[in-house]
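Peer 1: My structure is in coords.txt, and what it holds is compact mmCIF, C-alpha atoms:
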# COMPACT_ATOMS: atom_id res chain seq x y z
CA MET A 1 102.03 106.29 92.69
CA ALA A 2 101.36 108.04 95.98
CA PRO A 3 103.33 111.20 96.78
CA GLN A 4 106.93 110.58 97.90
CA GLN A 5 106.80 106.99 96.60
CA ARG A 6 108.98 106.12 93.63
CA ARG A 7 108.86 102.77 91.93
CA THR A 8 112.07 101.39 90.43
CA ARG A 9 111.67 100.21 86.87
CA ARG A 10 113.79 97.38 85.55
CA GLY A 11 116.55 99.49 84.14
CA ARG A 12 116.70 101.54 80.99
CA LEU A 13 117.86 100.57 77.56
CA ALA A 14 121.57 100.94 76.87
CA PHE A 15 122.02 101.25 73.13
CA VAL A 16 124.87 98.99 72.07
CA ALA A 17 126.39 99.87 68.70
CA ALA A 18 129.93 99.63 70.12
CA THR A 19 129.04 96.42 71.93
CA VAL A 20 127.81 94.84 68.71
CA ALA A 21 131.18 95.46 67.11
CA ALA A 22 132.94 94.03 70.16
CA THR A 23 130.66 91.00 70.02
CA ALA A 24 131.65 90.24 66.43
CA ALA A 25 135.32 90.43 67.32
CA LEU A 26 134.99 88.20 70.34
CA ALA A 27 132.87 85.67 68.50
CA SER A 28 135.70 85.10 66.00
CA GLY A 29 138.25 84.61 68.77
CA PRO A 30 138.37 82.72 72.08
CA GLY A 31 134.91 83.92 73.09
CA PHE A 32 131.70 82.28 71.91
CA ALA A 33 127.99 82.87 72.10
CA ALA A 34 126.24 80.85 74.73
CA GLY A 35 124.14 78.47 72.73
CA ALA A 36 126.81 77.93 70.08
CA GLY A 37 128.30 74.81 71.63
CA SER A 38 128.32 72.46 74.61
CA ALA A 39 129.46 75.20 76.98
CA ARG A 40 126.21 77.15 76.71
CA ALA A 41 125.20 79.14 79.80
CA ALA A 42 121.76 77.77 80.56
CA ASP A 43 118.82 80.09 79.99
CA PRO A 44 116.51 80.46 83.00
CA PRO A 45 113.53 78.16 82.48
CA ALA A 46 109.96 79.35 82.95
CA PRO A 47 108.55 78.80 86.45
CA THR A 48 107.47 75.23 87.04
CA THR A 49 103.88 74.64 85.95
CA PRO A 50 101.91 72.59 88.51
CA ALA A 51 99.22 70.23 87.30
CA VAL A 52 96.05 72.30 87.09
CA PRO A 53 93.01 71.09 85.17
CA GLU A 54 92.52 73.21 82.08
CA PRO A 55 88.99 74.62 81.77
CA ASP A 56 86.95 74.42 78.58
CA ARG A 57 88.22 77.04 76.20
CA PRO A 58 85.70 79.79 75.41
CA LYS A 59 85.74 81.52 72.06
CA ALA A 60 88.58 83.91 71.32
CA GLY A 61 88.18 87.67 71.08
CA GLY A 62 87.73 88.73 74.71
CA PRO A 63 89.27 91.72 76.47
CA ALA A 64 93.00 91.99 75.87
CA PHE A 65 95.33 91.40 78.81
CA GLY A 66 99.00 90.88 79.43
CA ALA A 67 101.76 91.87 81.82
CA TYR A 68 104.77 94.13 81.93
CA LEU A 69 107.60 91.55 82.03
CA ASP A 70 110.69 93.54 81.03
CA TYR A 71 111.35 96.60 78.90
CA GLY A 72 113.41 94.87 76.21
CA ALA A 73 113.74 91.65 74.24
CA ARG A 74 113.45 89.55 77.40
CA GLY A 75 110.02 91.01 77.95
CA VAL A 76 108.94 89.78 74.53
CA ALA A 77 110.32 86.28 75.16
CA ARG A 78 108.59 86.03 78.52
CA ILE A 79 105.14 86.65 77.05
CA ALA A 80 105.09 83.10 75.68
CA GLU A 81 106.45 81.71 78.96
CA LEU A 82 103.78 83.46 81.01
CA SER A 83 101.13 82.20 78.61
CA GLN A 84 102.37 78.66 79.15
CA TRP A 85 102.20 79.12 82.94
CA LEU A 86 98.62 80.29 82.48
CA GLY A 87 97.63 77.13 80.63
CA GLY A 88 97.90 78.63 77.17
CA ALA A 89 95.94 81.79 78.03
CA GLU A 90 96.13 84.25 75.17
CA LEU A 91 98.19 87.28 76.16
CA ARG A 92 97.33 89.75 73.44
CA VAL A 93 99.04 92.79 74.99
CA GLY A 94 102.74 93.59 74.92
CA HIS A 95 103.71 96.50 77.18
CA THR A 96 106.95 98.44 77.33
CA TYR A 97 108.32 101.92 78.11
CA LEU A 98 110.47 104.33 76.16
CA PRO A 99 113.48 105.48 78.19
CA GLY A 100 112.98 109.03 79.42
CA ASP A 101 116.63 109.93 79.83
CA ARG A 102 117.16 111.87 76.59
CA TRP A 103 115.14 113.01 73.59
CA SER A 104 116.90 110.65 71.18
CA ASN A 105 115.50 107.67 73.10
CA ILE A 106 112.03 109.21 73.37
CA GLU A 107 112.09 109.40 69.57
CA GLY A 108 112.40 105.60 69.49
CA ALA A 109 116.07 105.08 68.72
CA PRO A 110 116.83 102.15 66.36
CA GLY A 111 117.23 98.77 68.01
CA PHE A 112 114.76 99.13 70.85
CA LEU A 113 111.26 99.00 69.41
CA ASP A 114 112.06 96.56 66.59
CA VAL A 115 111.56 93.37 68.59
CA TRP A 116 108.28 94.66 70.02
CA ALA A 117 107.07 95.58 66.55
CA ASP A 118 107.97 92.10 65.29
CA TRP A 119 105.92 90.53 68.09
CA ARG A 120 102.95 92.81 67.43
CA THR A 121 102.82 92.13 63.70
CA GLU A 122 102.89 88.32 64.08
CA LYS A 123 99.13 88.31 64.84
CA ALA A 124 96.47 90.79 63.79
CA ASP A 125 94.66 90.89 67.15
CA ARG A 126 97.71 91.76 69.25
CA MET A 127 98.14 95.14 70.91
CA LEU A 128 101.35 97.06 71.59
CA VAL A 129 101.12 99.43 74.55
CA LEU A 130 103.95 101.98 74.73
CA ASN A 131 104.47 104.39 77.62
CA VAL A 132 105.89 107.60 76.18
CA PRO A 133 107.52 110.27 78.39
CA MET A 134 106.66 113.88 77.60
CA MET A 135 110.05 115.18 78.78
CA GLU A 136 113.66 114.06 78.81
CA ARG A 137 115.40 113.73 82.22
CA ASN A 138 112.05 112.31 83.24
CA GLU A 139 113.18 110.73 86.53
CA GLU A 140 115.84 113.21 87.64
CA ASN A 141 113.97 115.11 90.38
CA VAL A 142 113.62 118.26 88.31
CA SER A 143 112.25 121.16 90.36
CA ASP A 144 108.71 122.49 90.02
CA ALA A 145 110.08 125.78 88.65
CA GLN A 146 111.97 123.95 85.91
CA VAL A 147 108.98 121.71 85.13
CA ARG A 148 106.76 124.77 84.80
CA MET A 149 109.21 126.32 82.34
CA LEU A 150 109.51 123.08 80.35
CA LEU A 151 105.74 122.65 80.13
CA ARG A 152 105.38 126.15 78.75
CA ARG A 153 108.08 125.49 76.17
CA GLY A 154 106.30 122.29 75.19
CA ALA A 155 102.96 124.06 74.95
CA ALA A 156 104.60 126.57 72.59
CA GLY A 157 105.66 123.75 70.26
CA GLU A 158 109.38 123.60 71.01
CA PHE A 159 109.43 119.79 71.35
CA ASP A 160 107.00 118.86 68.55
CA HIS A 161 109.72 117.45 66.30
CA HIS A 162 110.64 114.73 68.80
CA PHE A 163 107.13 113.32 68.76
CA ARG A 164 106.86 113.60 65.00
CA ALA A 165 110.03 111.50 64.79
CA LEU A 166 108.53 108.90 67.16
CA ALA A 167 105.32 108.72 65.13
CA GLU A 168 107.28 108.26 61.90
CA ARG A 169 109.38 105.56 63.54
CA LEU A 170 106.33 103.57 64.67
CA VAL A 171 104.73 103.82 61.23
CA GLU A 172 108.02 102.70 59.65
CA LEU A 173 108.03 99.65 61.97
CA LYS A 174 104.47 98.80 60.81
CA VAL A 175 102.92 99.38 64.24
CA PRO A 176 100.85 102.49 63.44
CA ASP A 177 98.06 101.34 65.78
CA THR A 178 100.22 101.43 68.92
CA VAL A 179 98.47 102.49 72.13
CA ILE A 180 100.40 105.52 73.40
CA VAL A 181 100.26 105.94 77.20
CA LEU A 182 101.45 109.53 77.11
CA GLY A 183 102.71 111.28 80.24
CA TRP A 184 101.47 108.57 82.61
CA GLU A 185 100.90 109.25 86.32
CA MET A 186 100.96 112.97 85.63
CA ASN A 187 99.02 113.66 88.86
CA GLY A 188 101.99 112.56 91.02
CA ILE A 189 105.40 114.03 91.75
CA THR A 190 107.76 111.36 90.38
CA TYR A 191 108.16 112.44 86.77
CA THR A 192 109.35 115.57 85.02
CA HIS A 193 106.25 115.26 82.82
CA ARG A 194 104.01 115.85 85.85
CA CYS A 195 101.01 118.13 85.60
CA GLY A 196 100.97 119.81 89.02
CA PRO A 197 103.28 122.81 88.49
CA ASP A 198 101.15 124.13 85.59
CA PRO A 199 98.02 122.12 84.64
CA ASP A 200 96.97 124.54 81.88
CA SER A 201 100.33 124.31 80.12
CA TRP A 202 100.39 120.54 80.62
CA LYS A 203 97.05 120.17 78.84
CA LYS A 204 98.14 122.42 75.98
CA TYR A 205 101.35 120.43 75.65
CA TRP A 206 99.48 117.09 75.59
CA ASN A 207 97.21 118.45 72.85
CA ARG A 208 100.21 119.60 70.79
CA ILE A 209 101.85 116.18 71.06
CA VAL A 210 98.71 114.30 70.02
CA THR A 211 98.03 116.70 67.15
CA THR A 212 101.63 116.40 65.97
CA MET A 213 101.58 112.59 65.98
CA ARG A 214 98.16 112.34 64.35
CA VAL A 215 99.18 114.24 61.23
CA VAL A 216 101.91 111.72 60.35
CA PRO A 217 100.75 109.74 57.28
CA GLY A 218 99.68 106.18 58.03
CA GLN A 219 99.23 106.60 61.79
CA LYS A 220 96.33 105.00 63.67
CA PHE A 221 97.49 105.73 67.22
CA THR A 222 95.29 105.44 70.28
CA PHE A 223 96.11 107.90 73.09
CA ASP A 224 95.62 106.74 76.68
CA PHE A 225 95.36 109.33 79.47
CA THR A 226 96.49 107.43 82.59
CA PRO A 227 96.78 108.96 86.06
CA THR A 228 97.54 107.02 89.20
CA ARG A 229 94.57 106.06 91.39
CA GLY A 230 93.50 108.58 94.05
CA ARG A 231 94.17 112.25 94.43
CA ASP A 232 97.98 112.01 94.64
CA ALA A 233 99.64 115.44 94.33
CA VAL A 234 96.78 116.99 92.35
CA PRO A 235 93.33 115.72 91.32
CA TRP A 236 93.84 113.98 87.99
CA THR A 237 90.64 115.48 86.63
CA GLN A 238 92.42 118.87 86.61
CA CYS A 239 94.90 117.46 84.10
CA TYR A 240 92.38 116.00 81.65
CA PRO A 241 93.20 117.61 78.28
CA GLY A 242 89.83 117.11 76.58
CA ASP A 243 87.84 114.54 74.66
CA ASP A 244 89.25 115.46 71.25
CA THR A 245 92.76 114.23 72.06
CA VAL A 246 92.00 111.35 74.45
CA ASP A 247 90.88 107.93 73.20
CA ILE A 248 91.11 105.89 76.42
CA ILE A 249 91.00 106.95 80.06
CA GLY A 250 93.31 104.65 81.97
CA MET A 251 94.37 104.27 85.59
CA ASP A 252 97.48 102.87 87.27
CA SER A 253 96.11 101.16 90.37
CA TYR A 254 98.35 99.38 92.88
CA ASP A 255 97.36 97.89 96.25
CA GLN A 256 98.31 100.86 98.40
CA PRO A 257 98.56 102.65 100.78
CA THR A 258 99.02 100.27 103.68
CA GLY A 259 95.73 99.21 105.25
CA LEU A 260 93.48 100.56 102.48
CA SER A 261 90.85 97.94 101.65
CA PHE A 262 89.68 97.29 98.11
CA ASP A 263 86.28 98.81 98.95
CA GLU A 264 88.10 101.98 99.99
CA GLN A 265 90.10 101.92 96.76
CA ILE A 266 86.78 101.92 94.93
CA LYS A 267 85.17 104.70 96.96
CA GLU A 268 88.08 107.05 97.67
CA PRO A 269 88.14 110.44 95.91
CA TYR A 270 89.47 109.97 92.37
CA GLY A 271 89.47 106.21 92.95
CA LEU A 272 88.28 103.26 90.91
CA GLN A 273 84.61 104.20 90.84
CA GLU A 274 85.25 107.82 89.94
CA HIS A 275 87.54 106.65 87.14
CA VAL A 276 84.77 104.48 85.65
CA ASP A 277 82.16 107.21 86.08
CA PHE A 278 84.39 109.91 84.59
CA ALA A 279 85.16 107.79 81.53
CA LYS A 280 81.48 107.00 81.02
CA ALA A 281 80.55 110.67 81.28
CA HIS A 282 83.10 111.47 78.55
CA GLY A 283 82.13 108.54 76.33
CA LYS A 284 85.55 106.89 76.64
CA PRO A 285 86.61 103.28 77.33
CA ILE A 286 88.91 102.52 80.26
CA SER A 287 92.20 100.68 80.73
CA TYR A 288 94.58 99.59 83.50
CA PRO A 289 98.11 99.87 82.06
CA GLU A 290 99.70 99.24 85.48
CA TRP A 291 98.27 97.35 88.41
CA GLY A 292 99.45 94.89 91.03
CA LEU A 293 100.34 94.26 94.65
CA PHE A 294 102.28 96.76 96.71
CA ARG A 295 102.05 98.11 100.26
CA ASN A 296 99.82 95.34 101.61
CA GLY A 297 102.07 92.47 100.58
CA ASP A 298 100.79 89.11 99.39
CA ASN A 299 97.12 90.07 99.31
CA PRO A 300 94.92 87.46 97.59
CA GLU A 301 91.79 89.48 98.38
CA TYR A 302 93.10 92.44 96.38
CA MET A 303 94.02 90.14 93.50
CA ARG A 304 90.60 88.47 93.50
CA ARG A 305 88.69 91.76 93.73
CA MET A 306 90.78 93.58 91.10
CA LEU A 307 90.32 90.75 88.60
CA ALA A 308 86.58 90.70 89.32
CA TRP A 309 86.44 94.52 88.93
CA MET A 310 88.01 94.29 85.49
CA ASP A 311 85.72 91.44 84.45
CA GLU A 312 82.77 93.64 85.44
CA HIS A 313 83.92 96.92 83.86
CA LYS A 314 85.63 95.45 80.76
CA PRO A 315 88.64 97.69 80.09
CA VAL A 316 90.10 97.80 76.60
CA TYR A 317 93.18 96.13 78.08
CA ASN A 318 95.01 95.57 81.35
CA THR A 319 98.65 94.73 82.06
CA LEU A 320 99.81 93.50 85.45
CA THR A 321 103.20 94.83 86.57
CA ASP A 322 104.99 91.52 87.06
CA TYR A 323 108.12 92.10 89.09
CA CYS A 324 108.63 92.33 92.85
CA PRO A 325 106.89 93.62 94.85
CA HIS A 326 103.94 93.91 92.45
CA GLY A 327 103.96 90.66 90.51
CA VAL A 328 102.85 87.05 90.77
CA TRP A 329 104.88 85.08 88.20
CA GLN A 330 108.39 86.53 88.25
CA CYS A 331 108.10 87.40 91.95
CA GLY A 332 108.06 84.51 94.42
CA ASN A 333 107.08 86.73 97.35
CA ASN A 334 103.34 86.59 96.64
CA PRO A 335 102.33 82.89 96.47
CA LYS A 336 98.73 83.35 97.66
CA ALA A 337 97.96 86.14 95.20
CA SER A 338 99.76 84.11 92.53
CA GLU A 339 97.36 81.21 93.08
CA VAL A 340 94.39 83.52 92.61
CA TYR A 341 95.77 85.17 89.47
CA ARG A 342 96.61 81.87 87.85
CA SER A 343 93.36 80.12 88.74
CA VAL A 344 91.25 83.00 87.39
CA LEU A 345 93.14 83.45 84.11
CA PHE A 346 94.16 79.86 83.42
CA GLY A 347 93.39 79.11 79.78
CA ARG A 348 91.42 82.31 79.31
CA THR A 349 90.74 83.67 75.86
CA ASP A 350 87.43 85.44 76.61
CA PRO A 351 85.48 86.83 79.59
CA ALA A 352 85.40 84.26 82.39
CA PRO A 353 82.93 83.51 85.22
CA GLU A 354 83.30 85.22 88.58
CA PRO A 355 86.74 84.56 90.11
CA THR A 356 86.93 81.54 92.41
CA GLU A 357 89.43 80.26 94.94
CA PRO A 358 92.22 78.12 93.42
CA THR A 359 91.87 74.37 93.88
CA GLY A 360 95.43 73.57 94.87
CA PRO A 361 98.91 75.00 95.44
CA THR A 362 100.27 76.69 92.34
CA THR A 363 103.24 78.64 93.67
CA PRO A 364 105.66 79.34 90.84
CA THR A 365 109.34 78.74 91.40
CA ASP A 366 111.75 81.59 90.90
CA PRO A 367 113.93 81.15 87.80
CA PRO A 368 117.26 79.64 88.92
CA THR A 369 120.53 81.47 88.43
CA PRO A 370 121.95 80.61 85.01
CA VAL A 371 124.63 77.94 85.14
CA THR A 372 128.03 79.19 84.04
CA PRO A 373 130.11 76.61 82.14
CA PRO A 374 133.51 75.73 83.67
CA ALA A 375 136.23 78.26 82.94
CA CYS A 376 133.73 80.50 81.19
CA SER A 377 132.88 84.07 82.17
CA PRO A 378 129.56 85.38 80.75
CA LEU A 379 129.64 88.94 79.41
CA ASP A 380 126.74 91.31 79.97
CA LEU A 381 126.13 92.84 76.52
CA GLY A 382 122.57 94.00 77.03
CA ASP A 383 119.18 92.57 76.15
CA TRP A 384 119.20 93.55 72.48
CA VAL A 385 122.54 91.89 71.65
CA GLU A 386 121.70 88.78 73.70
CA TYR A 387 118.36 88.47 71.92
CA TRP A 388 119.99 88.28 68.50
CA LEU A 389 122.83 86.05 69.73
CA GLY A 390 120.38 83.64 71.34
CA GLY A 391 122.04 83.87 74.75
CA LYS A 392 124.92 85.40 76.66
CA LEU A 393 128.41 85.61 75.22
CA CYS A 394 130.91 83.61 77.29
CA LEU A 395 134.65 84.26 77.32
CA ARG A 396 136.62 81.05 77.97
CA PHE A 397 139.83 81.25 79.96
CA ASP A 398 141.11 77.78 78.99
CA TRP A 399 141.24 78.41 75.24
CA PHE A 400 145.02 78.63 75.20
CA SER A 401 145.42 75.15 76.75
CA ARG A 402 143.12 73.57 74.15
CA ASN A 403 145.28 74.91 71.29
CA ARG A 404 148.64 73.78 72.62
Let's see the structure in the file written out as structure tokens.

Peer 2:
Amino acid sequence: MAPQQRRTRRGRLAFVAATVAATAALASGPGFAAGAGSARAADPPAPTTPAVPEPDRPKAGGPAFGAYLDYGARGVARIAELSQWLGGAELRVGHTYLPGDRWSNIEGAPGFLDVWADWRTEKADRMLVLNVPMMERNEENVSDAQVRMLLRRGAAGEFDHHFRALAERLVELKVPDTVIVLGWEMNGITYTHRCGPDPDSWKKYWNRIVTTMRVVPGQKFTFDFTPTRGRDAVPWTQCYPGDDTVDIIGMDSYDQPTGLSFDEQIKEPYGLQEHVDFAKAHGKPISYPEWGLFRNGDNPEYMRRMLAWMDEHKPVYNTLTDYCPHGVWQCGNNPKASEVYRSVLFGRTDPAPEPTEPTGPTTPTDPPTPVTPPACSPLDLGDWVEYWLGGKLCLRFDWFSRNR
């Protein structure tokens, strides 16, 4: 992101061992799991799918694409829903983020990655993309002086064991070919894992992490170096750690700043064209782990041009950031861009012709608020617990009257 601009992610995982125990106790008493009877709290349906003619299906095996839909189990469930909205288009990429609050979560604490691993292993051609922070306290406005010290400690090997534990965890979950987006947007100022305070130490630290994870038996990781588009706080080329430890050169590219045309996004220093040229010069493929609308609102021209750019330059994968203000399916604020996105990708399983204007209104409806059964109060137990329960747990207040 641009300097001074932070983007709010959809929460961080709250690990719920105590909640699981509480759930079991409540389930045996007056509470019940939504979905276990007539008083189920309705799940939000997928956005309404308008009637759009489905194009002839090309052969499978094209560039992988998907969207960031949520960090937890809901994100996995929504992949199928988004595919349905796109006329059965094959979303082969699942994308999530490790929490950067503490080292134990960066190591891939039990209960978080399992559902993503299950989704990945269901089909051989799927791809799991995992953003991995390089530091704990990653969004806590740590000072440049502290970042510099932490980078030097990392470059000296002090944090190697955390990344070895993560690598072993991914191999154990049978997802050894995960794409690791390590230290993303390092050229900005948002994250503690930023490069600017000490680029040399940052590069040494990146190389240590990759080397540490690559020696774990059974691993087949792909490491994606992903700055944000443009110069940002420092030129991202100054942070490039070298061809030996980078497999993909990615770019997070949102429609910003205000008033910047897509042509300017291509031509600006360290912009889209320089990204493609830099990757080609280093013999690396490209990716777009994060992209979407932003400062210029509902911008169908950006959506059309970005999709066409990716069709032309064929990244290994791309994942749209699909929540407001960036998205087009879960965000109802961008109906014009939503029409473009859906018309271009509807039914896609392979490279498509040049993007065209949509043929009719295809504005998705926002998911309605779940209906709460009478005299029932839903409990918020977290994504992981709700995933295994099949819905929210509701606590009924009229149980005593039914047993009298």

Peer 1: Using all atoms listed in the file, which protein or nucleic acid residues come within 7 Å of range 238-241 of chain A? Drop anything in the same chain fewer than 6 positions from it, and give the result as a ChimeraX atom specification.

Peer 2: /A:195,199,203,206-207

Peer 1: Keeping only C-alpha atoms, take the residues you just selected and write them out as a PDB file, keeping the file's coordinate frame.

Peer 2:
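Output contents, as saved in part.pdb:
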ATOM      1  CA  CYS A 195     101.010 118.130  85.600  1.00  0.00           C
ATOM      2  CA  PRO A 199      98.020 122.120  84.640  1.00  0.00           C
ATOM      3  CA  LYS A 203      97.050 120.170  78.840  1.00  0.00           C
ATOM      4  CA  TRP A 206      99.480 117.090  75.590  1.00  0.00           C
ATOM      5  CA  ASN A 207      97.210 118.450  72.850  1.00  0.00           C
TER       6      ASN A 207
END

Peer 1: What's around range 121-134 of chain A at 9 Å? Count all atoms listed in the file, leave out sequence neighbours fewer than 2 positions away in its own chain, and write the answer as number ranges by chain.

Peer 2: A: 61, 64, 91-100, 106, 116-119, 136, 138, 154, 163, 174-175, 177-184, 191-194, 205-206, 209, 289, 317

Peer 1: Hey, can you spit out that residue selection with C-alpha atoms as a PDB file, in the coordinates of the input?

Peer 2:
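Listed below is the output, out_0.pdb:
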ATOM      1  CA  GLY A  61      88.180  87.670  71.080  1.00  0.00           C
ATOM      2  CA  ALA A  64      93.000  91.990  75.870  1.00  0.00           C
ATOM      3  CA  LEU A  91      98.190  87.280  76.160  1.00  0.00           C
ATOM      4  CA  ARG A  92      97.330  89.750  73.440  1.00  0.00           C
ATOM      5  CA  VAL A  93      99.040  92.790  74.990  1.00  0.00           C
ATOM      6  CA  GLY A  94     102.740  93.590  74.920  1.00  0.00           C
ATOM      7  CA  HIS A  95     103.710  96.500  77.180  1.00  0.00           C
ATOM      8  CA  THR A  96     106.950  98.440  77.330  1.00  0.00           C
ATOM      9  CA  TYR A  97     108.320 101.920  78.110  1.00  0.00           C
ATOM     10  CA  LEU A  98     110.470 104.330  76.160  1.00  0.00           C
ATOM     11  CA  PRO A  99     113.480 105.480  78.190  1.00  0.00           C
ATOM     12  CA  GLY A 100     112.980 109.030  79.420  1.00  0.00           C
ATOM     13  CA  ILE A 106     112.030 109.210  73.370  1.00  0.00           C
ATOM     14  CA  TRP A 116     108.280  94.660  70.020  1.00  0.00           C
ATOM     15  CA  ALA A 117     107.070  95.580  66.550  1.00  0.00           C
ATOM     16  CA  ASP A 118     107.970  92.100  65.290  1.00  0.00           C
ATOM     17  CA  TRP A 119     105.920  90.530  68.090  1.00  0.00           C
ATOM     18  CA  GLU A 136     113.660 114.060  78.810  1.00  0.00           C
ATOM     19  CA  ASN A 138     112.050 112.310  83.240  1.00  0.00           C
ATOM     20  CA  GLY A 154     106.300 122.290  75.190  1.00  0.00           C
ATOM     21  CA  PHE A 163     107.130 113.320  68.760  1.00  0.00           C
ATOM     22  CA  LYS A 174     104.470  98.800  60.810  1.00  0.00           C
ATOM     23  CA  VAL A 175     102.920  99.380  64.240  1.00  0.00           C
ATOM     24  CA  ASP A 177      98.060 101.340  65.780  1.00  0.00           C
ATOM     25  CA  THR A 178     100.220 101.430  68.920  1.00  0.00           C
ATOM     26  CA  VAL A 179      98.470 102.490  72.130  1.00  0.00           C
ATOM     27  CA  ILE A 180     100.400 105.520  73.400  1.00  0.00           C
ATOM     28  CA  VAL A 181     100.260 105.940  77.200  1.00  0.00           C
ATOM     29  CA  LEU A 182     101.450 109.530  77.110  1.00  0.00           C
ATOM     30  CA  GLY A 183     102.710 111.280  80.240  1.00  0.00           C
ATOM     31  CA  TRP A 184     101.470 108.570  82.610  1.00  0.00           C
ATOM     32  CA  TYR A 191     108.160 112.440  86.770  1.00  0.00           C
ATOM     33  CA  THR A 192     109.350 115.570  85.020  1.00  0.00           C
ATOM     34  CA  HIS A 193     106.250 115.260  82.820  1.00  0.00           C
ATOM     35  CA  ARG A 194     104.010 115.850  85.850  1.00  0.00           C
ATOM     36  CA  TYR A 205     101.350 120.430  75.650  1.00  0.00           C
ATOM     37  CA  TRP A 206      99.480 117.090  75.590  1.00  0.00           C
ATOM     38  CA  ILE A 209     101.850 116.180  71.060  1.00  0.00           C
ATOM     39  CA  PRO A 289      98.110  99.870  82.060  1.00  0.00           C
ATOM     40  CA  TYR A 317      93.180  96.130  78.080  1.00  0.00           C
TER      41      TYR A 317
END

Peer 1: If we count all atoms listed in the file and set the cut-off at 12 Å, which residues sit around Leu260 in chain A, ignoring sequence neighbours fewer than 3 positions away in its own chain? Please answer as a list in words.

Peer 2: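 With the cut-off at 12 Å, the set is Gly230, Tyr254, Asp255, Gln256, Pro257, Asp263, Glu264, Gln265, Ile266, Lys267, Glu268, Gly271, Phe294, Arg295, Asn296, Gly297, Asn299, Glu301 and Tyr302 of chain A.
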
Peer 1: Work out how far CA of Gln330 in chain A is from CA of Arg74 in chain A, in Å to one decimal.

Peer 2: 12.3 Å

Peer 1: Can you tell me, as a ChimeraX atom specification, what residues are no more than 7 Å from Arg148 in chain A when counting only C-alpha atoms, ignoring any on the same chain fewer than 4 positions away?

Peer 2: /A:144,152,197-198

Peer 1: To one decimal place, how far is CA of Arg208 in chain A from CA of Arg153 in chain A in Å?

Peer 2: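 Value for the CA of Arg208 in chain A-CA of Arg153 in chain A distance: 11.2 Å.
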
Peer 1: Generate the missing atoms of range 111-122 of chain A up to N, CA and C atoms and report them as an mmCIF file, in the frame of the given file.

Peer 2:
data_model
loop_
_atom_site.group_PDB
_atom_site.id
_atom_site.type_symbol
_atom_site.label_atom_id
_atom_site.label_comp_id
_atom_site.auth_asym_id
_atom_site.auth_seq_id
_atom_site.Cartn_x
_atom_site.Cartn_y
_atom_site.Cartn_z
ATOM 1 N N GLY A 111 116.772 99.900 67.215
ATOM 2 C CA GLY A 111 117.230 98.770 68.010
ATOM 3 C C GLY A 111 116.390 98.457 69.214
ATOM 4 N N PHE A 112 115.549 99.378 69.638
ATOM 5 C CA PHE A 112 114.760 99.130 70.850
ATOM 6 C C PHE A 112 113.364 98.626 70.532
ATOM 7 N N LEU A 113 112.647 99.347 69.689
ATOM 8 C CA LEU A 113 111.260 99.000 69.410
ATOM 9 C C LEU A 113 111.098 97.873 68.390
ATOM 10 N N ASP A 114 112.170 97.539 67.686
ATOM 11 C CA ASP A 114 112.060 96.560 66.590
ATOM 12 C C ASP A 114 111.483 95.223 67.043
ATOM 13 N N VAL A 115 112.000 94.694 68.149
ATOM 14 C CA VAL A 115 111.560 93.370 68.590
ATOM 15 C C VAL A 115 110.106 93.400 69.049
ATOM 16 N N TRP A 116 109.690 94.519 69.633
ATOM 17 C CA TRP A 116 108.280 94.660 70.020
ATOM 18 C C TRP A 116 107.390 94.752 68.789
ATOM 19 N N ALA A 117 107.847 95.477 67.785
ATOM 20 C CA ALA A 117 107.070 95.580 66.550
ATOM 21 C C ALA A 117 106.947 94.219 65.870
ATOM 22 N N ASP A 118 108.025 93.433 65.889
ATOM 23 C CA ASP A 118 107.970 92.100 65.290
ATOM 24 C C ASP A 118 106.927 91.235 66.002
ATOM 25 N N TRP A 119 106.910 91.303 67.335
ATOM 26 C CA TRP A 119 105.920 90.530 68.090
ATOM 27 C C TRP A 119 104.499 90.978 67.745
ATOM 28 N N ARG A 120 104.284 92.276 67.699
ATOM 29 C CA ARG A 120 102.950 92.810 67.430
ATOM 30 C C ARG A 120 102.435 92.365 66.066
ATOM 31 N N THR A 121 103.274 92.390 65.058
ATOM 32 C CA THR A 121 102.820 92.130 63.700
ATOM 33 C C THR A 121 102.660 90.637 63.389
ATOM 34 N N GLU A 122 103.062 89.755 64.302
ATOM 35 C CA GLU A 122 102.890 88.320 64.080
ATOM 36 C C GLU A 122 101.420 87.910 64.049
#
